[in-house]
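Down below is the structure, laid out as structure tokens.
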Amino acid sequence: MKWARHLGIAFLATVAFACLLADFVAPSYAHQFRDEPGAAPSRQHLLGTDDLGRDRFARVLYGTRVSLLLAPAAALLSSLLAVLIGGAAGFAGGWVERIVMATTDLFLSLPWLFLLITVRALLPLNVLPITSVAITFALLGCLGWATAARVICADARSLAHSDFILAARASGSSGFRLLWRQVVPNLRPIVFAQFWISIPVFILAEANLGVLGLGVAEPLPSWGSLLRELQSYSAITGQPWQFVPLILFVVVVSCFHLVLLEQESPV
Amino acid sequence: MSRQIVFRSFLVLMIASTLAVAQNNAQLRFCLHSDPKTFNPLLAEEDSSETVRYLTGGVLMRLNRMTQDLEPELATSWNITEGGKTITFKLRSGLSFSDSTPFSADDVAFTIQQMMDPSLHSPTGDAFRSGDGKTVTKVLAPDRVSVTFPAAIAGLDKLFDQVAIMSAKSPRKEMAVLGPYQVLEYKAGNYLLLERNPHYWRQDAAGKQLPYIQSVRLDIQSNRDTEMLRLVRGEIDFINSLDAEYFDKLMQQNPALVHDSGVSLDSEQMWFNQVPNSPLPDYKKAWFRSTNFRRAISEAINREDLARVAFRGHARPAIGPMSPANKFWFNAKLQAHPFDQKSALARLAEDGFRFQDGVLRDRDGHAVEFSIITNAGNKYRERMATMMQQDLSGIGIKLNVVTLDFPSLIERITRSFDYEACLLGLIGNDLDPNSSQMNVWLSSGENHQWNPHQKSPATGWEAEIDKLMHQQATSLDPKKRKAAFDRVQEIAWEQEPFIYLVNRNALSAVSPNARNVHPVVLRPQVYWNIDEISISNEVARNR
Amino acid sequence: MLNRHPMLTSLVRHAGRIAITVVVGGLLGATLVRVAPGFGIDEAELDSRLSAQSIQALRQAQPGQSLGAFYFQYFVRLLRGDLGTSRSLQRPVAELLAERAPETAKSVALGLVFGWTLGLSLAIAVVMSCSWTLDLMATLTGGLLLCLPAAVLALIFQLARMPGRLVLALIVFPNVFRYSRNLLARSASLPHVLTARAKGLGDFHLMFWHILTPAAPQLLALAGVSVSIAFTAAIPVEALCDLPGLGQLAWKAALSRDLSLLVTLTMIVAVVTLVANSLSDLLGKALSINLHEASA
């Protein structure tokens with residue numbers, strides 16, 4: 001439905017625009033109004049304040065800026081890697097496919113937590129918060145391809161034996177050209193599914209990686225850090241305005257789906 | 001008249017039988033946050049193992065957690081002689097371990113020998129290590145035993161509160177106990193079930209065998225949210241150590257559930273890395289070694305706000321190494337450093353720092369920026385660090401908050417020394433500074449965090465602290481010991497190697513079904529009088 | 001003899017590949033743990049009651065041997081059936097695994113069964129009904145579940161007094177739904193389906209023979225991968241819900257850098273992942289061959 005796609009695009013554009021205007025629209029996301037911790041919404045604080053008295057509306061805007069930029073970029077990276085690795089392996093078949101898939105399975109089994117801890121150790125302690133979170137998302141992008149690669153490989157394997165590929169080969173197409181022009185476009189349903197799933201998965205992973213010192217550093221907010229506030233009994237049974245970051249997160253992710261709808265297989 | 005007598009007798013019988021039912025069937029339930037690592041009381045060093053030790057171990061003397069006085073337990077009396085080197089116990093006779101093995105002076109001697117075995121590395125035993133040489137135990141009679149240490153130990157008798165006596169002869173080894181409970185069943189990752197020790201020696205004033213409660217179930221529950229939910233649902237009977245926000249949440253629902261026993265012995269503090277060969281630039285090492293710099297940082301931090309906002313008012317600004325809850329050892333002459341950013345800038349100016357255009361620079365023009373590491377997952381420390389970030393920005397300092405997983409953090413502060421500042425806390429288990437503060441304040445100590453394991457004191461004030469700590473450790477006169485440690489606290493206040501931030505309050509939650517519970521600040525806060533706690537009749541019948 | 005039984009040959013090859021990959025996986029896992037900071041650290045070092053000698057003894061008790069030596073000794077013990085002792089929990093690794101594996105097996109099995117039932121049936125319903133509303137509702141539900149942190153899901157379940165292990169089903173469901181919806185929708189848009197519909201073929205026949213079957217190799221690959229997703233998700237879910245399974249064990253082992261335990265757990269995860277994916281590969285290939293033969 002075109003109107004749904006347009007609605008999704010419009011909402012995403014509004015959010016992006018609001019984030020760009022954050023410096024003018026909202027007060028500093030870092031300033032702590034210490035006389036008003038956990039305050040209810042008011043004219044001064046549209047979504048109330050957090051535990052340290054920081055304006056939640058400002059933090060949502062700035063956090064959206066960080067996550068909306070970096071999470072889709074990481075999702076794109078992991079999707080591209082999945083297409084290249086899985087697609088090439090499935091298309092090539094034989095021992096290439098076996099080795100690549102064994103490597104993929106190995107990749108899925110390893111405790112990558114320790115790589116992330118090592119990366120944190122290699123980074124200087126005084127690294128900028130935005131650098132730290134960018135590195136986190138880049139790592140997630142580099143590590144998140146394996147799940148989709150398997151499914152893409154199976155898909156590419158099926159496509160490799162299909163009639164239109166046979167016809168393309170017969171007309172002289174081969175190798176990378178055949179893969180890129182004939183196979184990859186037909187992998188779109190899986191690739192876009194992977195892309196869409198990866199965005200929230202990476203945002204939540206970034207939140208959990210705060211345990212290792214990766215992820216966003218204070219005072220810079222991200223959706224992950226805003227969602228971490230909800231992870232306690234007192235928060236979840238608390239005030240409804242605390243859930244606005246979660247609602248915005250869900251709506252934005254759903255809008256991504258609406259925008260990508262035509263690229264996935266239409267129902 | 002006779003009808004009244006009959007009725008009253010009937011009433012008494014009813015109450016007695018109900019009580020009897022309550023005492024026979026009651027089960028107390030609370031949570032451990034991790035599996036106990038050991039059931040050997042001499043090796044207990046983390047919270048869960050210490051809980052099991054407290055519930056099952058019989059000790060010679062027990063520190064009453066409410067009055068903070070030492071009371072006789074397995075020992076009816078004791079005598080310290082030879083200038084604090086020897087302690088002689090007179091033991092209760094006719095007692096048995098939980099498996100009926102008789103208790104005698106041989107068991108005390110055996111336990112002490114085990115504890116002081118250097119190859120065991122018992123944390124309990126290390127508190128008694130006063131010097132080189134062997135610890136000698138002499139069994140003078142079946143109910144008399146003396147222990148002679150190589151050197152005098154100040155506060156010797158109070159240390160025995162942590163020493164659970166083990167049987168020398170029982171085939172059950174450490175599982176044969178003298179405390180109110182014994183281990184009945186343990187399902188790793190799930191629960192630990194303790195049952196009443198049938199040979200427990202204590203009785204109440206009416207001559208009734210203690211403990212009142214038949215069994216104790218300790219569920220292994222690391223998730224504090226689940227623990228709180230379970231308390232609210234009545235599935236557990238208390239939470240020994242409650243977070244501030246859960247306290248407030250429960251307070252809204254049922255104020256009778258929660259207890260704020262006041263300021264605890266625990267403290268939160270930060271320090272700067274002063275290790276000379278740490279991989280920091282020289283100019284930063286110079287900053288951190290400067291007393292003016294440390295005092296300025298201390299004055300630039302708003303401790304009242306930390307207590308009010310980060311801990312929701314359930315803390316108070318810290319002053320020094322001792323919390324005011326430690327009535328005897330706390331130096332009452334000292335006050336918390338005031339929040340005064342003007343004074344902080346003045347101190348920094350003395351060291352050549354300049355505050356220009358919102359940025360503080362040292363005499364060489366370096367902008368003052370440093371990182372502070374703390375353990376991830378501790379929301380109070382994360383909040384404090386974020387609040388300190390804003391406070392220090394007020395004097396032009398950029399503070400970067402870095403949260404790390406605990407092993408990585410420990411590696412940085414004990415091995416690589418690749419850090420600039422650290423924010424951690426100290427759990428106060430002991431009142432006497434001799435048992436837990438020696439390794440912190442001695443310059444050669446491993447826990448002398450800002451510059452550990454020094455071959456000789458790096459500064460004059462550290463040398464003075466060394467002298468004072470040795471003085472208080474070898475004197476038996478409480479007044480002289482207090483004077484020495486008071487001076488240590490004054491030096492710590494002046495030099496601020498540790499910048500003490502807050503002392504947390506001791507918060508707990510207790511179900512109204514549990515009777516005779518009096519939460520205190522000393523650990524274990526809620527169940528310190530476990531053998532006298534009971535469960536209400538109705539609840540006991542239903543369990 | 002193997003040549004006369006191609007299936008058997010294939011199985012033997014897969015088994016060999018799995019064995020080699022597991023060995024390599026164990027070594028790589030051990031390497032990651034060994035080089036990460038915090039290895040060989042005991043929290044007890046911060047206990048101010050301990051003397052300098054005790055702290056030194058604690059440090060010396062930490063494994064200091066080289067990675068190669070450790071791995072060689074690990075394998076020699078493994079061949080004797082000894083998985084070593086967990087340094088952090090002070091218990092034999094084999095005992096810990098035997099206690100906790102059933103718990104995780106239950107959680108993962110439930111998670112997969114419920115996740116797949118919900119995901120696949122919803123995907124089929126969306127494709128067959130051609131209802132955009134249903135598609136949108138299912139997508140929003142999947143999106144919501146993807147966006148909810150596992151900790152929040154676990155808390156909600158606890159508040160609702162539902163078993164925490166069902167959280168795994170809600171983590172598996174959105175992945176299964178999204179992929180299978182797209183795969184089935186693509187299959188449904190192929191020309192032969194239109195022809196079959198025009199010829200009056202019933203919905204069940206259409207779905208099972210003409211939509212589901214062509215997408216089966218990819219769905220089987222997804223099934224294999226979902227085992228890995230469920231296993232990985234078991235770690236935070238068990239840690240949050242205090243379920244005494246392998247996931248909780250893995251989390252504790254990771255926090256304390258318990259090398260023996262981590263290497264063993266890595267190899268277990270590798271075996272499960274490889275077996276699941278190999279099975280799905282074998283079945284997928286067999287199905288592809290049958291489809292080709294049928295269409296030829």
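Identifiers in the structure tokens: chain A, B, ... in order shown; residue index from 1 per chain; ligand index from 1 in order shown.
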Residues of chain A within 6 Å of chain C, only C-alpha atoms counted, as a PyMOL selection string: chain A and resi 105-106+109-110+114+118+151+154-155+189+193+200+231+250+265+267
Interface residues on chain B facing chain A, 7 Å, only C-alpha atoms, written as a list in words: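 Residues passing the distance filter: Asp225, Tyr246, Lys249, Val309, Phe370, Ser371, Ala376, Gly377, Thr386, Asn400, Val401, Val402, Thr403, Leu404 and Asp405 of chain B.
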Residues of chain C within 10 Å of chain B, only C-alpha atoms counted, as a ChimeraX atom specification: /C:36-58,88-91,96,99-100,154-155,158-159,239-245,248-249,252,254-257
Just the selected residues (N, CA and C atoms), exported as a compact mmCIF listing (two decimals), in the first residue's frame, please.
# COMPACT_ATOMS: atom_id res chain seq x y z
N ALA C 36 41.95 -11.78 26.01
CA ALA C 36 41.10 -10.69 26.52
C ALA C 36 41.62 -10.23 27.87
N PRO C 37 41.52 -8.93 28.18
CA PRO C 37 41.97 -8.47 29.49
C PRO C 37 41.10 -9.07 30.59
N GLY C 38 41.68 -9.21 31.74
CA GLY C 38 40.95 -9.76 32.88
C GLY C 38 41.15 -11.24 33.05
N PHE C 39 41.91 -11.88 32.13
CA PHE C 39 42.16 -13.30 32.29
C PHE C 39 43.14 -13.52 33.43
N GLY C 40 42.88 -14.52 34.23
CA GLY C 40 43.78 -14.82 35.35
C GLY C 40 43.58 -13.92 36.55
N ILE C 41 42.47 -13.19 36.57
CA ILE C 41 42.19 -12.28 37.68
C ILE C 41 41.18 -12.92 38.62
N ASP C 42 41.41 -12.79 39.91
CA ASP C 42 40.45 -13.28 40.89
C ASP C 42 39.97 -12.08 41.69
N GLU C 43 38.67 -11.92 41.78
CA GLU C 43 38.10 -10.79 42.53
C GLU C 43 38.56 -10.77 43.98
N ALA C 44 38.89 -11.94 44.48
CA ALA C 44 39.32 -12.03 45.89
C ALA C 44 40.59 -11.20 46.15
N GLU C 45 41.33 -10.83 45.09
CA GLU C 45 42.53 -10.02 45.28
C GLU C 45 42.21 -8.68 45.92
N LEU C 46 40.96 -8.22 45.77
CA LEU C 46 40.59 -6.92 46.34
C LEU C 46 40.16 -7.05 47.80
N ASP C 47 40.15 -8.28 48.34
CA ASP C 47 39.76 -8.48 49.74
C ASP C 47 40.88 -7.95 50.63
N SER C 48 40.60 -6.89 51.38
CA SER C 48 41.66 -6.25 52.16
C SER C 48 42.05 -7.08 53.39
N ARG C 49 41.32 -8.17 53.67
CA ARG C 49 41.71 -9.01 54.81
C ARG C 49 42.88 -9.93 54.45
N LEU C 50 43.06 -10.16 53.15
CA LEU C 50 44.09 -11.11 52.74
C LEU C 50 45.48 -10.51 52.89
N SER C 51 46.41 -11.36 53.33
CA SER C 51 47.80 -10.91 53.46
C SER C 51 48.45 -10.88 52.07
N ALA C 52 49.62 -10.28 52.01
CA ALA C 52 50.35 -10.19 50.74
C ALA C 52 50.66 -11.59 50.22
N GLN C 53 51.00 -12.51 51.15
CA GLN C 53 51.34 -13.88 50.71
C GLN C 53 50.12 -14.57 50.11
N SER C 54 48.97 -14.35 50.73
CA SER C 54 47.75 -14.97 50.22
C SER C 54 47.40 -14.44 48.84
N ILE C 55 47.58 -13.14 48.65
CA ILE C 55 47.27 -12.55 47.34
C ILE C 55 48.25 -13.09 46.29
N GLN C 56 49.53 -13.22 46.69
CA GLN C 56 50.50 -13.79 45.75
C GLN C 56 50.12 -15.22 45.39
N ALA C 57 49.69 -15.96 46.40
CA ALA C 57 49.30 -17.35 46.17
C ALA C 57 48.10 -17.41 45.22
N LEU C 58 47.16 -16.48 45.40
CA LEU C 58 45.99 -16.41 44.51
C LEU C 58 46.44 -16.17 43.08
N SER C 88 36.22 -21.21 38.69
CA SER C 88 35.38 -20.25 39.42
C SER C 88 34.38 -20.95 40.33
N LEU C 89 33.88 -22.13 39.91
CA LEU C 89 32.87 -22.80 40.72
C LEU C 89 33.44 -23.98 41.50
N GLN C 90 34.73 -24.29 41.22
CA GLN C 90 35.43 -25.34 41.97
C GLN C 90 34.71 -26.69 41.87
N ARG C 91 34.19 -26.99 40.70
CA ARG C 91 33.52 -28.29 40.53
C ARG C 91 33.89 -28.84 39.17
N LEU C 96 28.92 -30.10 36.15
CA LEU C 96 28.16 -28.87 35.92
C LEU C 96 27.32 -28.99 34.67
N GLU C 99 24.33 -31.30 35.10
CA GLU C 99 23.26 -30.68 35.90
C GLU C 99 22.45 -29.68 35.09
N ARG C 100 23.15 -28.94 34.25
CA ARG C 100 22.51 -27.77 33.64
C ARG C 100 22.02 -27.99 32.21
N ALA C 154 11.66 -10.51 30.23
CA ALA C 154 11.76 -11.44 31.37
C ALA C 154 10.98 -10.89 32.56
N LEU C 155 11.09 -9.58 32.80
CA LEU C 155 10.37 -8.96 33.91
C LEU C 155 8.87 -9.06 33.71
N GLN C 158 7.74 -12.41 34.51
CA GLN C 158 7.74 -12.66 35.95
C GLN C 158 6.56 -11.97 36.62
N LEU C 159 6.26 -10.76 36.17
CA LEU C 159 5.11 -10.05 36.73
C LEU C 159 3.82 -10.80 36.45
N ALA C 239 20.30 -15.94 32.53
CA ALA C 239 20.93 -15.08 33.54
C ALA C 239 19.88 -14.18 34.19
N LEU C 240 18.95 -13.67 33.38
CA LEU C 240 17.94 -12.74 33.91
C LEU C 240 16.87 -13.47 34.72
N CYS C 241 16.48 -14.65 34.26
CA CYS C 241 15.39 -15.37 34.93
C CYS C 241 15.92 -16.36 35.96
N ASP C 242 17.24 -16.34 36.18
CA ASP C 242 17.83 -17.25 37.16
C ASP C 242 17.48 -18.70 36.88
N LEU C 243 17.50 -19.08 35.62
CA LEU C 243 17.30 -20.49 35.27
C LEU C 243 18.67 -21.15 35.28
N PRO C 244 18.85 -22.21 36.05
CA PRO C 244 20.19 -22.80 36.19
C PRO C 244 20.57 -23.68 35.00
N GLY C 245 20.74 -23.04 33.84
CA GLY C 245 21.08 -23.80 32.62
C GLY C 245 22.49 -23.46 32.15
N GLN C 248 23.26 -19.57 31.77
CA GLN C 248 23.68 -18.90 33.01
C GLN C 248 25.11 -19.28 33.35
N LEU C 249 25.44 -20.55 33.11
CA LEU C 249 26.80 -21.03 33.37
C LEU C 249 27.80 -20.30 32.48
N LYS C 252 28.37 -16.74 33.77
CA LYS C 252 29.23 -16.73 34.96
C LYS C 252 30.68 -17.04 34.55
N ALA C 254 32.05 -16.46 31.67
CA ALA C 254 32.60 -15.32 30.93
C ALA C 254 33.05 -14.23 31.89
N LEU C 255 32.24 -13.97 32.91
CA LEU C 255 32.59 -12.90 33.87
C LEU C 255 33.84 -13.25 34.67
N SER C 256 34.05 -14.56 34.91
CA SER C 256 35.21 -14.94 35.70
C SER C 256 36.34 -15.50 34.84
N ARG C 257 36.19 -15.44 33.51
CA ARG C 257 37.23 -15.90 32.57
C ARG C 257 37.66 -17.34 32.90
Distance of CA of Arg308 (chain B) from CA of Ser511 (chain B), expressed in Å to one decimal place: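 Separation of CA of Ser511 (chain B) and CA of Arg308 (chain B): 26.8 Å.
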